[in-house]
>>> print(open('my_file_37.cif').read())   # mmCIF, C-alpha atoms and all ligand atoms
data_data
#
loop_
_atom_site.label_atom_id
_atom_site.label_comp_id
_atom_site.auth_asym_id
_atom_site.auth_seq_id
_atom_site.Cartn_x
_atom_site.Cartn_y
_atom_site.Cartn_z
CA MET G 112 117.88 179.45 -152.58
CA THR G 113 116.87 175.94 -153.49
CA ASP G 114 116.26 174.93 -157.05
CA ALA G 115 113.05 172.90 -157.19
CA SER G 116 114.25 170.81 -160.13
CA ARG G 117 117.51 169.82 -158.43
CA PRO G 118 117.37 166.52 -156.52
CA ALA G 119 117.24 166.98 -152.75
CA VAL G 120 119.75 164.19 -152.27
CA GLN G 121 122.12 162.67 -154.77
CA LEU G 122 124.51 159.77 -154.37
CA LEU G 123 127.12 159.82 -157.10
CA ALA G 124 129.06 156.61 -157.71
CA VAL G 125 129.26 156.08 -153.97
CA SER G 126 131.11 153.03 -152.65
CA LYS G 127 131.71 152.03 -149.06
CA HIS G 128 134.20 149.34 -148.12
CA PHE G 129 134.46 148.70 -144.42
CA PRO G 130 137.94 147.71 -143.33
CA ASP G 131 138.27 143.97 -142.67
CA SER G 132 135.35 143.02 -144.88
CA VAL G 133 135.83 141.38 -148.25
CA ALA G 134 132.65 142.53 -149.96
CA PRO G 135 131.70 146.20 -150.20
CA ALA G 136 128.70 147.36 -148.14
CA VAL G 137 127.73 149.73 -150.95
CA GLU G 138 129.07 149.46 -154.50
CA HIS G 139 129.09 152.32 -157.00
CA LEU G 140 125.67 153.58 -156.00
CA THR G 141 124.19 156.40 -158.05
CA LEU G 142 120.77 157.57 -156.96
CA ALA G 143 118.87 160.85 -157.18
CA VAL G 144 116.10 161.55 -154.67
CA PRO G 145 113.70 164.14 -156.10
CA ARG G 146 112.63 166.98 -153.83
CA GLY G 147 109.38 166.18 -152.02
CA ALA G 148 109.46 162.51 -153.00
CA VAL G 149 109.32 159.43 -150.82
CA VAL G 150 112.00 156.99 -151.96
CA ALA G 151 112.09 153.50 -150.46
CA LEU G 152 115.37 151.64 -150.21
CA ILE G 153 114.60 147.96 -150.18
CA GLY G 154 116.54 144.74 -150.43
CA PRO G 155 117.68 141.68 -148.50
CA SER G 156 119.27 141.97 -145.06
CA GLY G 157 122.84 143.21 -145.24
CA CYS G 158 122.50 144.70 -148.73
CA GLY G 159 123.62 148.13 -147.55
CA LYS G 160 120.38 149.99 -146.83
CA THR G 161 121.38 151.41 -143.44
CA THR G 162 124.87 152.14 -144.73
CA SER G 163 123.38 154.14 -147.62
CA LEU G 164 121.33 156.26 -145.20
CA ARG G 165 124.35 156.88 -143.00
CA LEU G 166 126.31 157.98 -146.05
CA ILE G 167 123.69 160.63 -146.72
CA ASN G 168 123.96 162.36 -143.31
CA ARG G 169 127.70 161.67 -143.02
CA LEU G 170 127.53 159.33 -140.09
CA ILE G 171 130.00 157.54 -142.32
CA ASP G 172 132.01 158.78 -145.27
CA PRO G 173 132.24 157.02 -148.62
CA THR G 174 135.37 155.19 -149.69
CA SER G 175 134.87 156.70 -153.12
CA GLY G 176 132.26 158.79 -154.89
CA HIS G 177 130.38 161.59 -153.17
CA VAL G 178 127.01 162.71 -151.86
CA GLU G 179 125.21 165.94 -152.61
CA VAL G 180 122.49 167.38 -150.42
CA ASP G 181 120.58 170.20 -152.03
CA GLY G 182 123.26 170.38 -154.71
CA ARG G 183 126.14 170.77 -152.26
CA ASP G 184 128.89 168.23 -151.83
CA THR G 185 128.52 167.02 -148.25
CA ARG G 186 132.32 166.91 -147.87
CA GLN G 187 132.18 170.70 -147.91
CA LEU G 188 129.57 170.84 -145.14
CA ASP G 189 130.03 170.64 -141.41
CA PRO G 190 128.82 167.13 -140.48
CA ILE G 191 127.13 168.24 -137.28
CA ALA G 192 125.24 171.04 -138.99
CA LEU G 193 124.33 168.68 -141.82
CA ARG G 194 122.94 166.10 -139.38
CA LEU G 195 120.92 168.67 -137.45
CA GLY G 196 119.29 169.62 -140.74
CA ILE G 197 118.30 166.07 -141.64
CA GLY G 198 115.75 164.13 -139.59
CA TYR G 199 116.84 160.59 -138.83
CA VAL G 200 114.58 157.80 -137.59
CA ILE G 201 117.04 155.08 -136.65
CA GLN G 202 116.49 151.36 -137.01
CA ALA G 203 114.74 149.92 -133.90
CA VAL G 204 113.63 153.42 -132.81
CA GLY G 205 116.51 153.97 -130.36
CA LEU G 206 114.83 156.26 -127.85
CA PHE G 207 116.83 157.31 -124.80
CA PRO G 208 115.35 155.07 -122.08
CA HIS G 209 116.01 157.39 -119.13
CA ARG G 210 114.57 160.48 -120.77
CA THR G 211 110.89 161.30 -121.01
CA ILE G 212 109.08 161.25 -124.34
CA ALA G 213 109.12 165.06 -124.39
CA GLN G 214 112.88 165.09 -123.79
CA ASN G 215 113.40 162.48 -126.48
CA ILE G 216 111.48 164.54 -129.02
CA ALA G 217 113.32 167.71 -127.97
CA VAL G 218 116.84 166.39 -128.62
CA VAL G 219 117.49 168.35 -131.81
CA PRO G 220 115.76 171.60 -130.74
CA ARG G 221 117.88 171.50 -127.55
CA ALA G 222 121.03 170.93 -129.58
CA LEU G 223 120.04 173.89 -131.73
CA GLY G 224 119.71 176.03 -128.60
CA TRP G 225 115.98 176.72 -128.74
CA ASP G 226 114.57 178.23 -125.55
CA ARG G 227 112.31 176.21 -123.27
CA GLY G 228 109.05 177.83 -124.32
CA ARG G 229 109.63 177.32 -128.02
CA THR G 230 110.79 173.76 -127.46
CA ARG G 231 107.77 172.93 -125.31
CA ARG G 232 105.36 174.35 -127.88
CA ARG G 233 107.06 172.41 -130.67
CA VAL G 234 106.98 169.13 -128.72
CA SER G 235 103.31 169.57 -128.03
CA GLU G 236 102.62 170.37 -131.69
CA LEU G 237 104.56 167.29 -132.83
CA ALA G 238 102.69 165.03 -130.43
CA GLU G 239 99.51 166.22 -132.05
CA LEU G 240 100.96 165.77 -135.55
CA VAL G 241 102.03 162.14 -135.06
CA GLY G 242 99.06 161.12 -132.92
CA LEU G 243 100.47 160.96 -129.40
CA GLU G 244 98.51 162.04 -126.33
CA GLN G 245 99.85 165.04 -124.40
CA GLU G 246 99.73 162.99 -121.20
CA GLN G 247 102.18 160.52 -122.73
CA LEU G 248 104.86 163.20 -123.07
CA GLY G 249 105.90 162.87 -119.42
CA ARG G 250 106.30 159.10 -119.60
CA PHE G 251 109.40 157.06 -120.34
CA PRO G 252 109.80 155.03 -123.55
CA ASP G 253 109.15 151.66 -121.90
CA GLU G 254 105.79 152.99 -120.73
CA LEU G 255 104.58 153.25 -124.33
CA SER G 256 103.49 150.57 -126.79
CA GLY G 257 105.72 149.67 -129.74
CA GLY G 258 103.56 151.66 -132.15
CA GLN G 259 103.63 154.71 -129.87
CA GLN G 260 107.42 154.49 -129.59
CA GLN G 261 107.65 154.46 -133.38
CA ARG G 262 105.56 157.63 -133.45
CA VAL G 263 107.96 159.22 -130.97
CA GLY G 264 110.83 158.29 -133.29
CA VAL G 265 109.08 160.06 -136.17
CA ALA G 266 108.25 163.10 -134.00
CA ARG G 267 111.88 163.34 -132.89
CA ALA G 268 113.09 163.27 -136.48
CA LEU G 269 110.61 166.01 -137.45
CA ALA G 270 111.37 168.20 -134.43
CA ALA G 271 113.38 170.97 -136.10
CA ASP G 272 111.28 170.73 -139.28
CA PRO G 273 114.13 169.46 -141.49
CA PRO G 274 113.40 169.34 -145.24
CA ILE G 275 114.91 165.85 -145.48
CA LEU G 276 113.95 162.82 -143.46
CA LEU G 277 115.86 159.53 -143.34
CA MET G 278 113.83 156.68 -141.90
CA ASP G 279 115.42 153.31 -141.21
CA GLU G 280 112.70 150.66 -140.92
CA PRO G 281 110.54 153.15 -139.02
CA PHE G 282 107.72 150.64 -138.57
CA GLY G 283 109.85 147.54 -138.24
CA ALA G 284 109.01 146.66 -134.66
CA VAL G 285 105.21 146.61 -134.76
CA ASP G 286 102.58 144.10 -135.81
CA PRO G 287 101.13 144.19 -139.35
CA VAL G 288 97.90 145.96 -138.34
CA VAL G 289 99.63 148.82 -136.52
CA ARG G 290 102.20 148.91 -139.29
CA ALA G 291 99.56 149.44 -141.97
CA ARG G 292 98.03 152.22 -139.89
CA LEU G 293 101.38 153.94 -139.36
CA GLN G 294 102.04 153.72 -143.11
CA GLN G 295 98.74 155.47 -143.83
CA GLU G 296 99.55 158.06 -141.18
CA LEU G 297 102.91 158.68 -142.78
CA LEU G 298 101.22 159.31 -146.14
CA GLU G 299 98.76 161.72 -144.53
CA LEU G 300 101.58 163.43 -142.67
CA GLN G 301 103.61 163.71 -145.88
CA ALA G 302 100.63 165.30 -147.66
CA ARG G 303 100.84 168.06 -145.06
CA VAL G 304 104.57 168.50 -144.47
CA HIS G 305 106.03 167.72 -147.95
CA LYS G 306 109.41 166.38 -146.87
CA THR G 307 111.94 164.58 -148.99
CA ILE G 308 111.96 161.13 -147.43
CA VAL G 309 114.35 158.23 -147.85
CA LEU G 310 112.79 155.26 -146.12
CA VAL G 311 114.47 151.91 -145.59
CA THR G 312 112.36 148.80 -145.41
CA HIS G 313 112.63 145.15 -146.26
CA ASP G 314 108.86 144.89 -146.60
CA LEU G 315 107.93 145.01 -150.29
CA ASP G 316 104.31 145.97 -149.64
CA GLU G 317 105.44 148.83 -147.43
CA ALA G 318 107.76 150.11 -150.17
CA LEU G 319 105.07 149.84 -152.82
CA THR G 320 102.50 151.56 -150.58
CA VAL G 321 104.44 154.55 -149.31
CA ALA G 322 107.06 155.28 -151.97
CA ASP G 323 106.95 157.39 -155.11
CA ARG G 324 110.05 155.54 -156.26
CA VAL G 325 111.62 152.30 -155.10
CA ALA G 326 115.35 151.57 -155.13
CA LEU G 327 115.96 147.83 -154.95
CA LEU G 328 119.43 146.91 -153.75
CA ASP G 329 121.09 143.55 -154.18
CA ARG G 330 123.83 142.22 -151.93
CA GLY G 331 126.97 144.29 -151.84
CA GLY G 332 124.92 147.46 -152.19
CA ARG G 333 124.45 147.10 -155.93
CA LEU G 334 121.42 148.98 -157.27
CA ALA G 335 119.35 146.47 -159.22
CA GLN G 336 116.51 148.81 -160.22
CA TYR G 337 115.21 152.26 -159.40
CA ALA G 338 111.66 152.84 -160.58
CA GLU G 339 108.14 153.86 -159.67
CA PRO G 340 106.23 151.05 -157.93
CA ASP G 341 104.06 150.15 -160.91
CA GLU G 342 107.00 150.19 -163.29
CA LEU G 343 109.00 147.95 -160.98
CA LEU G 344 106.18 145.39 -160.93
CA ARG G 345 105.42 145.76 -164.63
CA ALA G 346 108.95 145.63 -165.96
CA PRO G 347 111.53 144.07 -163.62
CA ALA G 348 114.96 144.96 -164.96
CA GLU G 349 116.65 141.64 -164.19
CA GLU G 350 116.25 138.17 -162.75
CA PHE G 351 117.08 139.27 -159.19
CA VAL G 352 114.27 141.84 -159.31
CA THR G 353 111.76 139.31 -160.63
CA GLU G 354 112.69 136.90 -157.86
CA PHE G 355 112.58 139.55 -155.17
CA LEU G 356 109.13 140.69 -156.29
CA GLY G 357 107.81 137.13 -156.15
CA PRO G 358 105.25 135.24 -158.21
CA ASP G 359 102.26 137.52 -157.51
CA ARG G 360 103.43 140.65 -159.29
CA SER G 361 100.13 141.14 -161.16
CA LEU G 362 98.13 140.88 -157.95
CA ARG G 363 100.35 143.50 -156.35
CA ARG G 364 99.76 145.76 -159.34
CA LEU G 365 96.01 145.35 -158.89
CA ALA G 366 96.41 146.62 -155.34
CA LEU G 367 98.34 149.62 -156.61
CA LEU G 368 96.38 150.75 -159.65
CA THR G 369 93.12 152.60 -159.13
CA VAL G 370 89.91 152.64 -161.14
CA ASP G 371 90.51 156.19 -162.36
CA ALA G 372 93.59 154.95 -164.22
CA LEU G 373 91.30 153.01 -166.56
CA GLN G 374 89.65 154.37 -169.66
CA LEU G 375 86.15 154.10 -168.24
CA ARG G 376 83.37 153.08 -170.63
CA ARG G 377 79.82 154.28 -170.21
CA GLY G 378 78.54 150.89 -171.30
CA ALA G 379 74.89 150.52 -172.27
CA ALA G 380 73.21 153.27 -170.27
CA VAL G 381 70.16 155.42 -170.99
CA ALA G 382 68.38 158.27 -169.28
CA VAL G 383 65.11 157.50 -167.56
CA GLY G 384 62.34 158.42 -170.02
CA THR G 385 64.20 157.12 -173.10
CA SER G 386 61.89 155.19 -175.41
CA THR G 387 62.09 151.39 -175.06
CA HIS G 388 62.66 151.31 -178.81
CA ASP G 389 65.87 153.35 -178.49
CA ALA G 390 66.95 151.41 -175.40
CA ARG G 391 66.52 148.08 -177.26
CA ALA G 392 68.56 149.42 -180.15
CA LEU G 393 71.37 150.50 -177.82
CA LEU G 394 71.37 147.14 -176.06
CA ALA G 395 71.47 145.34 -179.41
CA ARG G 396 74.58 147.35 -180.38
CA ASP G 397 76.17 146.73 -176.99
CA GLY G 398 75.45 143.01 -177.09
CA GLY G 399 74.65 142.68 -173.36
CA ASP G 400 71.56 141.61 -171.41
CA TRP G 401 71.24 144.58 -169.06
CA ILE G 402 71.03 148.31 -169.55
CA GLY G 403 71.85 150.97 -166.97
CA VAL G 404 69.28 153.64 -166.21
CA LEU G 405 70.40 157.14 -165.32
CA ASP G 406 68.62 160.12 -163.85
CA ASP G 407 70.75 162.99 -165.03
CA GLU G 408 74.19 161.79 -163.84
CA ARG G 409 72.87 159.51 -161.10
CA PHE G 410 72.91 155.74 -161.66
CA LEU G 411 69.45 154.42 -160.70
CA GLY G 412 69.89 150.75 -161.47
CA TRP G 413 69.82 148.06 -164.13
CA VAL G 414 66.94 146.89 -166.28
CA ARG G 415 66.96 143.57 -168.11
CA GLY G 416 66.67 143.74 -171.89
CA THR G 417 63.69 141.38 -171.86
CA ALA G 418 61.76 143.90 -169.76
CA LEU G 419 62.02 146.46 -172.53
CA ALA G 420 59.56 144.77 -174.91
CA GLY G 421 56.79 146.76 -176.62
CA GLU G 422 56.32 150.51 -176.85
CA GLY G 423 56.70 152.97 -174.00
CA SER G 424 59.64 154.41 -172.14
CA VAL G 425 62.22 153.38 -169.57
CA THR G 426 60.96 154.12 -166.07
CA GLU G 427 62.38 154.05 -162.56
CA GLN G 428 60.15 151.10 -161.73
CA GLY G 429 61.50 147.59 -161.22
CA LEU G 430 65.19 148.47 -161.51
CA GLU G 431 67.85 146.22 -160.04
CA ALA G 432 70.22 148.06 -157.73
CA PRO G 433 73.85 147.76 -158.82
CA ALA G 434 75.40 144.89 -156.86
CA ALA G 435 78.96 146.14 -157.30
CA LEU G 436 79.69 149.82 -156.72
CA VAL G 437 83.19 151.29 -156.70
CA GLY G 438 84.68 154.78 -156.57
CA PRO G 439 87.37 156.29 -158.80
CA ARG G 440 90.01 155.86 -156.06
CA SER G 441 89.14 152.21 -155.45
CA THR G 442 91.96 149.86 -156.33
CA LEU G 443 91.50 147.45 -159.22
CA ARG G 444 91.87 144.73 -156.63
CA ALA G 445 88.90 146.10 -154.69
CA ALA G 446 86.90 146.44 -157.92
CA MET G 447 87.66 142.84 -158.82
CA ASP G 448 86.68 141.70 -155.35
CA ARG G 449 83.39 143.60 -155.56
CA ILE G 450 82.57 142.05 -158.94
CA MET G 451 83.32 138.54 -157.78
CA THR G 452 81.63 138.83 -154.41
CA ALA G 453 78.48 140.20 -156.05
CA ARG G 454 78.65 137.51 -158.75
CA THR G 455 78.02 140.12 -161.37
CA ALA G 456 79.85 140.94 -164.57
CA THR G 457 80.09 144.67 -164.13
CA ALA G 458 80.98 147.14 -161.40
CA VAL G 459 79.44 150.60 -161.59
CA VAL G 460 81.82 153.48 -160.92
CA VAL G 461 80.30 156.43 -159.09
CA ASP G 462 81.88 159.51 -157.61
CA GLU G 463 79.72 161.10 -154.92
CA GLY G 464 76.64 159.71 -156.61
CA ARG G 465 77.72 160.78 -160.09
CA PHE G 466 77.94 157.97 -162.67
CA LEU G 467 81.43 157.74 -164.20
CA GLY G 468 81.19 154.47 -166.10
CA ILE G 469 81.51 150.75 -165.73
CA VAL G 470 84.33 148.26 -165.13
CA THR G 471 84.38 144.60 -166.06
CA LEU G 472 86.94 141.90 -165.33
CA GLU G 473 87.93 142.13 -168.97
CA ASP G 474 88.64 145.88 -168.60
CA ILE G 475 90.88 145.10 -165.65
CA ARG G 476 92.69 142.33 -167.49
CA ARG G 477 93.23 144.58 -170.49
CA ALA G 478 94.52 147.45 -168.34
CA LEU G 479 97.19 145.21 -166.83
CA ALA G 480 98.16 143.87 -170.25
CA GLU G 481 98.28 147.28 -171.96
CA ARG G 482 100.34 148.81 -169.23
CA ALA G 483 102.76 145.92 -169.55
CA GLY G 484 103.62 147.90 -172.73
N1 LIG F 1 130.49 149.61 -139.05
C1 LIG F 1 130.62 148.51 -139.82
N2 LIG F 1 131.78 147.84 -139.89
C2 LIG F 1 131.92 146.77 -140.69
N3 LIG F 1 130.95 146.26 -141.47
C3 LIG F 1 129.76 146.90 -141.45
C4 LIG F 1 129.53 148.04 -140.63
N4 LIG F 1 128.25 148.44 -140.82
C5 LIG F 1 127.71 147.59 -141.71
N5 LIG F 1 128.61 146.66 -142.09
C6 LIG F 1 128.38 145.60 -143.07
O1 LIG F 1 127.95 146.19 -144.27
C7 LIG F 1 126.93 145.42 -144.88
C8 LIG F 1 125.69 146.27 -145.05
O2 LIG F 1 125.15 146.59 -143.78
P1 LIG F 1 123.84 147.45 -143.58
O3 LIG F 1 123.67 147.66 -142.14
O4 LIG F 1 123.92 148.63 -144.45
O5 LIG F 1 122.74 146.44 -144.15
P2 LIG F 1 121.15 146.61 -144.22
O6 LIG F 1 120.77 146.50 -145.65
O7 LIG F 1 120.74 147.81 -143.48
O8 LIG F 1 120.66 145.28 -143.48
P3 LIG F 1 119.39 145.04 -142.52
O9 LIG F 1 118.21 144.89 -143.42
O10 LIG F 1 119.71 143.77 -141.83
O11 LIG F 1 119.27 146.19 -141.58
C9 LIG F 1 126.71 144.21 -143.98
O12 LIG F 1 127.44 143.15 -144.50
C10 LIG F 1 127.27 144.67 -142.65
O13 LIG F 1 127.76 143.59 -141.91
MG MG F 2 119.67 148.13 -141.71
#
>>> encode(input="my_file_37.cif", output="structure tokens")
Amino acid sequence: MTDASRPAVQLLAVSKHFPDSVAPAVEHLTLAVPRGAVVALIGPSGCGKTTSLRLINRLIDPTSGHVEVDGRDTRQLDPIALRLGIGYVIQAVGLFPHRTIAQNIAVVPRALGWDRGRTRRRVSELAELVGLEQEQLGRFPDELSGGQQQRVGVARALAADPPILLMDEPFGAVDPVVRARLQQELLELQARVHKTIVLVTHDLDEALTVADRVALLDRGGRLAQYAEPDELLRAPAEEFVTEFLGPDRSLRRLALLTVDALQLRRGAAVAVGTSTHDARALLARDGGDWIGVLDDERFLGWVRGTALAGEGSVTEQGLEAPAALVGPRSTLRAAMDRIMTARTATAVVVDEGRFLGIVTLEDIRRALAERAG
């Protein structure tokens, strides 16, 4: 039985000193990977990321400290059995060049003694899952593009459906466009398969995009900070973290936070049919020049305060369509872009046609400041 509250993987004061090297590769690393989470290990080259992964599946043993997988000390487990139960996407893919794609994906099922039929069905299913064509399964690795090879690496790691997946720069060898697509695919895949994933990268944006928590390592395998992406950007724990994150931390946060994280205001908005007298009064309280007109929960458009003179009621006629529309899942960065591109002051937030509220640049600024807590 697995206890859902127990971390899937835990490194406890783990150090690794390779013989003949002065500095440790990993130094006193304590890290808990929650079940079902994606944790990114990030840091400069040589800081011990790959070593940390290899300590988890016992490709190497710690000099001191220990590792627990599913609450069990890995020293008590058979290393081969442990490794077969943990998917591993190695740095630079590492496919066997003289084996077909299908054979590459089937490595672990074969090692586990699955019969041919079951293995073939699983390979076919995995191809589908990671977005490979069935006809590609008979090819050799050098007959696939870099992005396709990376998919094979992921499929191979998932073959025996292990609960834990270690991925060492899984998208390192592809261009930024393919990389972004593979990252999105990983997130979609994760939403379906719910693995515990430890992913190594030295790409900050990749870590911030795919991870629930980010572990930033400094040289010598020292853990500088372990936090959720927004917390890392909002509150760097030390100078090294601040420097690693770079000067555009707030912009990165804008790309991370979504509109639904804001306290949305309704702003000055009235239902069609409201008397111009009441609409003028509302606008006077709000202090703006424009008022939004709603039909039930649908946003119809804006009317200028000066068009509300005299008696009568607010109609659907002569409304200005909202120039900046965003959804609740839009990033604050996208909302800001919409506002500036449309040269308006306010973006209207709608969810499947339903009016949720408005966002201004000032709301965005305040959200960043408040959350800086
Ligand atoms: N088998 C080994 N024997 C001796 N030293 C090693 C061994 N493996 C790694 N090291 C050293 O340990 C340190 C950490 O290496 P590691 O491969 O974990 O770095 P990394 O963070 O994965 O780097 P990169 O981003 O370049 O992949 C480096 O200084 C490396 O030279
Ligand atoms: Mg490495």
>>> closest_residue(input="my_file_37.cif", among="G:Leu328, G:Leu373, G:Val288, G:Leu243", to="ligand LIG 1 (chain F)", atoms="all atoms listed in the file")
G:Leu328
>>> closest_atom_pairs(input="my_file_37.cif", of="chain G", to="ligand MG 2 (chain F)", cutoff="7 Å", atoms="all atoms listed in the file", output="tab-separated table")
residue	atom	partner	partner_atom	distance
G:Gly157	CA	F:MG2	MG	6.8
G:Lys160	CA	F:MG2	MG	5.5
G:Thr161	CA	F:MG2	MG	4.1
G:Gln202	CA	F:MG2	MG	6.5
G:Asp279	CA	F:MG2	MG	6.7
>>> residues_near_ligand(input="my_file_37.cif", ligand="ligand LIG 1 (chain F)", cutoff="9 Å", atoms="only C-alpha atoms and all ligand atoms", output="ChimeraX atom specification")
/G:127-132,134-137,152-165,171,202,279-280,311-313,328,330-332
>>> write_last_selection(input="my_file_37.cif", atoms="C-alpha atoms", output="CSV table (one decimal), in the frame of the given file")
chain,number,residue,atom,x,y,z
G,127,LYS,CA,131.7,152.0,-149.1
G,128,HIS,CA,134.2,149.3,-148.1
G,129,PHE,CA,134.5,148.7,-144.4
G,130,PRO,CA,137.9,147.7,-143.3
G,131,ASP,CA,138.3,144.0,-142.7
G,132,SER,CA,135.4,143.0,-144.9
G,134,ALA,CA,132.6,142.5,-150.0
G,135,PRO,CA,131.7,146.2,-150.2
G,136,ALA,CA,128.7,147.4,-148.1
G,137,VAL,CA,127.7,149.7,-151.0
G,152,LEU,CA,115.4,151.6,-150.2
G,153,ILE,CA,114.6,148.0,-150.2
G,154,GLY,CA,116.5,144.7,-150.4
G,155,PRO,CA,117.7,141.7,-148.5
G,156,SER,CA,119.3,142.0,-145.1
G,157,GLY,CA,122.8,143.2,-145.2
G,158,CYS,CA,122.5,144.7,-148.7
G,159,GLY,CA,123.6,148.1,-147.6
G,160,LYS,CA,120.4,150.0,-146.8
G,161,THR,CA,121.4,151.4,-143.4
G,162,THR,CA,124.9,152.1,-144.7
G,163,SER,CA,123.4,154.1,-147.6
G,164,LEU,CA,121.3,156.3,-145.2
G,165,ARG,CA,124.4,156.9,-143.0
G,171,ILE,CA,130.0,157.5,-142.3
G,202,GLN,CA,116.5,151.4,-137.0
G,279,ASP,CA,115.4,153.3,-141.2
G,280,GLU,CA,112.7,150.7,-140.9
G,311,VAL,CA,114.5,151.9,-145.6
G,312,THR,CA,112.4,148.8,-145.4
G,313,HIS,CA,112.6,145.2,-146.3
G,328,LEU,CA,119.4,146.9,-153.8
G,330,ARG,CA,123.8,142.2,-151.9
G,331,GLY,CA,127.0,144.3,-151.8
G,332,GLY,CA,124.9,147.5,-152.2
>>> closest_residue(input="my_file_37.cif", among="G:Leu293, G:Ile308, G:Trp225, G:Leu248", to="Val120 of chain G", atoms="all atoms listed in the file")
G:Ile308
>>> atom_distance(input="my_file_37.cif", atom1="atom CA of Ile167 of chain G", atom2="atom CA of Pro252 of chain G")
27.6 Å
>>> residues_around(input="my_file_37.cif", residues="Phe282 of chain G", least_positions_apart="3", cutoff="10 Å", atoms="all atoms listed in the file", output="JSON list (two decimals) with C-alpha atoms, in the coordinates of the input")
[["chain", "number", "residue", "atom", "x", "y", "z"],
["G", 200, "VAL", "CA", 114.58, 157.80, -137.59],
["G", 202, "GLN", "CA", 116.49, 151.36, -137.01],
["G", 203, "ALA", "CA", 114.74, 149.92, -133.90],
["G", 204, "VAL", "CA", 113.63, 153.42, -132.81],
["G", 257, "GLY", "CA", 105.72, 149.67, -129.74],
["G", 258, "GLY", "CA", 103.56, 151.66, -132.15],
["G", 260, "GLN", "CA", 107.42, 154.49, -129.59],
["G", 261, "GLN", "CA", 107.65, 154.46, -133.38],
["G", 262, "ARG", "CA", 105.56, 157.63, -133.45],
["G", 264, "GLY", "CA", 110.83, 158.29, -133.29],
["G", 265, "VAL", "CA", 109.08, 160.06, -136.17],
["G", 278, "MET", "CA", 113.83, 156.68, -141.90],
["G", 279, "ASP", "CA", 115.42, 153.31, -141.21],
["G", 285, "VAL", "CA", 105.21, 146.61, -134.76],
["G", 286, "ASP", "CA", 102.58, 144.10, -135.81],
["G", 287, "PRO", "CA", 101.13, 144.19, -139.35],
["G", 289, "VAL", "CA", 99.63, 148.82, -136.52],
["G", 290, "ARG", "CA", 102.20, 148.91, -139.29],
["G", 291, "ALA", "CA", 99.56, 149.44, -141.97],
["G", 292, "ARG", "CA", 98.03, 152.22, -139.89],
["G", 293, "LEU", "CA", 101.38, 153.94, -139.36],
["G", 294, "GLN", "CA", 102.04, 153.72, -143.11],
["G", 311, "VAL", "CA", 114.47, 151.91, -145.59],
["G", 312, "THR", "CA", 112.36, 148.80, -145.41],
["G", 314, "ASP", "CA", 108.86, 144.89, -146.60],
["G", 317, "GLU", "CA", 105.44, 148.83, -147.43]]
>>> closest_residue(input="my_file_37.cif", among="G:Leu327, G:Tyr337, G:Gly242, G:Phe251", to="Phe351 of chain G", atoms="all atoms listed in the file")
G:Leu327
>>> residues_around(input="my_file_37.cif", residues="segment 363-368 of chain G", least_positions_apart="3", cutoff="6 Å", atoms="only C-alpha atoms", output="list in words")
Arg360, Thr442, Leu443 and Arg444 of chain G
>>> closest_residue(input="my_file_37.cif", among="G:Val149, G:Ala326, G:Thr185, G:Leu430", to="His305 of chain G", atoms="all atoms listed in the file")
G:Val149
>>> closest_residue(input="my_file_37.cif", among="G:Ser126, G:Ser386, G:Thr426, G:Ser235", to="Leu405 of chain G", atoms="all atoms listed in the file")
G:Thr426
>>> residues_near_point(input="my_file_37.cif", point="(73.9, 142.8, -176.0)", cutoff="12 Å", atoms="all atoms listed in the file", output="JSON, numbers by chain")
{"G": [378, 379, 380, 390, 391, 392, 393, 394, 395, 396, 397, 398, 399, 400, 401, 402, 415, 416, 417]}
>>> closest_residue(input="my_file_37.cif", among="G:Ser361, G:Ser424, G:Asn168, G:Ser441", to="Tyr199 of chain G", atoms="all atoms listed in the file")
G:Asn168
>>> atom_distance(input="my_file_37.cif", atom1="atom CA of Leu188 of chain G", atom2="atom CA of Ile275 of chain G")
15.5 Å
>>> atom_distance(input="my_file_37.cif", atom1="atom CA of Leu298 of chain G", atom2="atom CA of Ala217 of chain G")
23.4 Å
>>> axis_aligned_box(input="my_file_37.cif", around="segment 260-268 of chain G", padding_each_side="5 Å", output="AutoDock Vina command-line options")
--center_x 109.3 --center_y 158.9 --center_z -133.0 --size_x 17.5 --size_y 18.9 --size_z 16.9
>>> build_atoms(input="my_file_37.cif", residues="segment 288-293 of chain G", atoms="N, CA and C atoms", output="PDB file, in the frame of the given file")
ATOM      1  N   VAL G 288      99.065 145.065-138.365  1.00  0.00           N
ATOM      2  CA  VAL G 288      97.900 145.960-138.340  1.00  0.00           C
ATOM      3  C   VAL G 288      98.334 147.388-137.996  1.00  0.00           C
ATOM      4  N   VAL G 289      99.134 147.501-136.921  1.00  0.00           N
ATOM      5  CA  VAL G 289      99.630 148.820-136.520  1.00  0.00           C
ATOM      6  C   VAL G 289     100.515 149.387-137.614  1.00  0.00           C
ATOM      7  N   ARG G 290     101.291 148.516-138.219  1.00  0.00           N
ATOM      8  CA  ARG G 290     102.200 148.910-139.290  1.00  0.00           C
ATOM      9  C   ARG G 290     101.434 149.555-140.450  1.00  0.00           C
ATOM     10  N   ALA G 291     100.356 148.900-140.859  1.00  0.00           N
ATOM     11  CA  ALA G 291      99.560 149.440-141.970  1.00  0.00           C
ATOM     12  C   ALA G 291      98.993 150.801-141.594  1.00  0.00           C
ATOM     13  N   ARG G 292      98.592 150.939-140.308  1.00  0.00           N
ATOM     14  CA  ARG G 292      98.030 152.220-139.890  1.00  0.00           C
ATOM     15  C   ARG G 292      99.107 153.314-139.887  1.00  0.00           C
ATOM     16  N   LEU G 293     100.298 152.962-139.390  1.00  0.00           N
ATOM     17  CA  LEU G 293     101.380 153.940-139.360  1.00  0.00           C
ATOM     18  C   LEU G 293     101.790 154.350-140.786  1.00  0.00           C
TER      19      LEU G 293
END
